[in-house]
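A.B. asks: Quick one: this structure, given as C-alpha coordinates, is what I'll be asking you about.
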Amino acid sequence: MPIVVDIDVMLARRKMSVGELAERVGITPANLAVLKNGRAKAVRFATLAALCEALRCQPGDLLRWEAEEGEDAGDAGSAAGVGSSVGA
(Lines give C-alpha, C1' and ligand atoms only; values in the text may rest on other atoms or scores of the structure.)
Protein backbone atom coordinates (compact mmCIF):
# COMPACT_ATOMS: atom_id res chain seq x y z
CA MET A 1 0.00 0.00 0.00
CA PRO A 2 1.43 3.40 -0.89
CA ILE A 3 0.35 5.03 2.41
CA VAL A 4 3.03 4.52 5.07
CA VAL A 5 2.21 4.96 8.77
CA ASP A 6 5.03 6.39 10.88
CA ILE A 7 3.50 6.07 14.34
CA ASP A 8 6.58 4.12 15.49
CA VAL A 9 8.79 7.10 14.67
CA MET A 10 6.66 9.48 16.73
CA LEU A 11 6.39 6.98 19.60
CA ALA A 12 10.19 6.77 19.71
CA ARG A 13 10.58 10.56 19.56
CA ARG A 14 8.10 10.99 22.42
CA LYS A 15 9.50 8.01 24.36
CA MET A 16 5.96 6.65 24.66
CA SER A 17 4.74 3.05 24.64
CA VAL A 18 1.99 1.68 22.41
CA GLY A 19 -0.09 0.97 25.51
CA GLU A 20 0.24 4.53 26.79
CA LEU A 21 -0.68 6.00 23.40
CA ALA A 22 -3.67 3.67 23.05
CA GLU A 23 -4.91 4.74 26.48
CA ARG A 24 -4.48 8.45 25.72
CA VAL A 25 -6.27 8.10 22.36
CA GLY A 26 -9.03 5.85 23.68
CA ILE A 27 -8.51 2.84 21.41
CA THR A 28 -7.38 -0.69 22.15
CA PRO A 29 -3.68 -1.55 21.81
CA ALA A 30 -4.73 -4.17 19.23
CA ASN A 31 -6.47 -1.55 17.06
CA LEU A 32 -3.49 0.78 17.42
CA ALA A 33 -1.21 -2.07 16.31
CA VAL A 34 -3.35 -2.61 13.19
CA LEU A 35 -2.99 1.07 12.32
CA LYS A 36 0.69 1.23 13.29
CA ASN A 37 1.61 -1.78 11.17
CA GLY A 38 -0.12 -0.42 8.06
CA ARG A 39 -2.89 -3.04 8.00
CA ALA A 40 -5.77 -0.58 8.54
CA LYS A 41 -8.00 0.15 5.57
CA ALA A 42 -9.16 3.50 6.98
CA VAL A 43 -8.70 5.85 9.90
CA ARG A 44 -11.33 8.20 11.30
CA PHE A 45 -10.40 11.86 11.40
CA ALA A 46 -11.34 11.88 15.10
CA THR A 47 -8.80 9.10 15.74
CA LEU A 48 -6.16 10.87 13.67
CA ALA A 49 -6.81 14.10 15.59
CA ALA A 50 -6.53 12.25 18.93
CA LEU A 51 -3.24 10.67 17.81
CA CYS A 52 -1.89 14.07 16.80
CA GLU A 53 -2.97 15.60 20.11
CA ALA A 54 -1.42 12.79 22.17
CA LEU A 55 1.82 12.84 20.17
CA ARG A 56 1.87 16.65 19.71
CA CYS A 57 2.36 16.36 15.96
CA GLN A 58 0.73 17.00 12.60
CA PRO A 59 -1.08 14.36 10.49
CA GLY A 60 1.79 14.49 7.99
CA ASP A 61 4.14 13.35 10.75
CA LEU A 62 2.12 10.12 11.01
CA LEU A 63 1.11 9.43 7.40
CA ARG A 64 3.02 9.71 4.14
CA TRP A 65 2.61 8.52 0.59
CA GLU A 66 5.21 6.45 -1.27
CA ALA A 67 4.84 5.37 -4.87
CA GLU A 68 4.60 1.63 -5.36
CA GLU A 69 7.18 -0.02 -7.59
CA GLY A 70 6.37 0.63 -11.23
CA GLU A 71 3.93 3.41 -10.34
CA ASP A 72 4.67 6.86 -11.66
CA ALA A 73 3.67 9.74 -9.36
CA GLY A 74 1.81 11.34 -12.29
CA ASP A 75 -0.38 8.25 -12.73
CA ALA A 76 -1.56 8.03 -9.11
CA GLY A 77 -4.45 10.50 -9.48
CA SER A 78 -5.92 8.91 -12.57
CA ALA A 79 -5.70 5.43 -11.04
CA ALA A 80 -7.86 6.56 -8.14
CA GLY A 81 -10.33 8.41 -10.34
CA VAL A 82 -9.22 11.80 -9.05
CA GLY A 83 -9.71 14.58 -11.52
CA SER A 84 -12.00 12.63 -13.82
CA SER A 85 -14.95 14.54 -15.21
CA VAL A 86 -18.42 13.63 -14.02
CA GLY A 87 -21.61 14.07 -16.03
CA ALA A 88 -20.02 15.24 -19.29
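Numbering starts fresh at 1 for the residues of each chain in the C-alpha coordinates, the chains themselves are lettered A, B, ... in the order given, and ligands are numbered from 1 as they appear.
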List the spatial neighbours of Val9 (chain A) as a ChimeraX atom specification - criterion: any atom at most 10 Å away, only C-alpha atoms, same-chain residues fewer than 6 positions off excluded.
C.D. replies: /A:15,61-62
A.B. asks: What separation in Å, quoted to one decimal, exists between CA of Pro2 (chain A) and CA of Trp65 (chain A)?
C.D. replies: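 Interatomic distance, CA of Pro2 (chain A) to CA of Trp65 (chain A): 5.5 Å.
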A.B. asks: Near Asp8 (chain A), within 9 Å and counting only C-alpha atoms, which residues show up once chain neighbours fewer than 6 positions away are dropped, as JSON, numbers by chain?
C.D. replies: {"A": [18, 36, 37, 62]}
A.B. asks: I need the residues from that last selection saved to file as a PDB file, in the first residue's frame (with N, CA, C and O atoms), if you can.
C.D. replies:
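Final file, result_28.pdb:
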ATOM      1  N   VAL A  18       3.231   1.896  23.154  1.00  0.00           N
ATOM      2  CA  VAL A  18       1.989   1.684  22.414  1.00  0.00           C
ATOM      3  C   VAL A  18       0.808   1.683  23.381  1.00  0.00           C
ATOM      4  O   VAL A  18      -0.236   2.277  23.111  1.00  0.00           O
ATOM      5  N   LYS A  36      -0.767   1.023  13.251  1.00  0.00           N
ATOM      6  CA  LYS A  36       0.685   1.231  13.294  1.00  0.00           C
ATOM      7  C   LYS A  36       1.435   0.358  12.288  1.00  0.00           C
ATOM      8  O   LYS A  36       2.421   0.785  11.697  1.00  0.00           O
ATOM      9  N   ASN A  37       0.944  -0.841  12.080  1.00  0.00           N
ATOM     10  CA  ASN A  37       1.609  -1.780  11.172  1.00  0.00           C
ATOM     11  C   ASN A  37       1.136  -1.667   9.723  1.00  0.00           C
ATOM     12  O   ASN A  37       1.519  -2.476   8.889  1.00  0.00           O
ATOM     13  N   LEU A  62       2.554  11.499  10.792  1.00  0.00           N
ATOM     14  CA  LEU A  62       2.122  10.116  11.011  1.00  0.00           C
ATOM     15  C   LEU A  62       1.865   9.355   9.722  1.00  0.00           C
ATOM     16  O   LEU A  62       1.994   8.137   9.682  1.00  0.00           O
TER      17      LEU A  62
END
A.B. asks: So the first atom is CA of Ala22 (chain A) and the second is CA of Met10 (chain A); what is the distance between them in Å, to one decimal place?
C.D. replies: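 Atom-to-atom, CA of Ala22 (chain A) and CA of Met10 (chain A) are spaced 13.4 Å apart.
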A.B. asks: Give me, as a ChimeraX atom specification, all polymer residues having an atom no more than 12 Å from Arg39 (chain A), counting only C-alpha atoms and skipping those fewer than 6 positions away in the same chain.
C.D. replies: /A:1-5,30-33
A.B. asks: Extract, using only C-alpha atoms, all DNA, RNA and protein residues at most 8 Å from region 47-55 of chain A, discarding same-chain residues fewer than 4 positions from it, and format them as a PyMOL selection string.
C.D. replies: chain A and resi 10-11+14+21+24-25+43+59
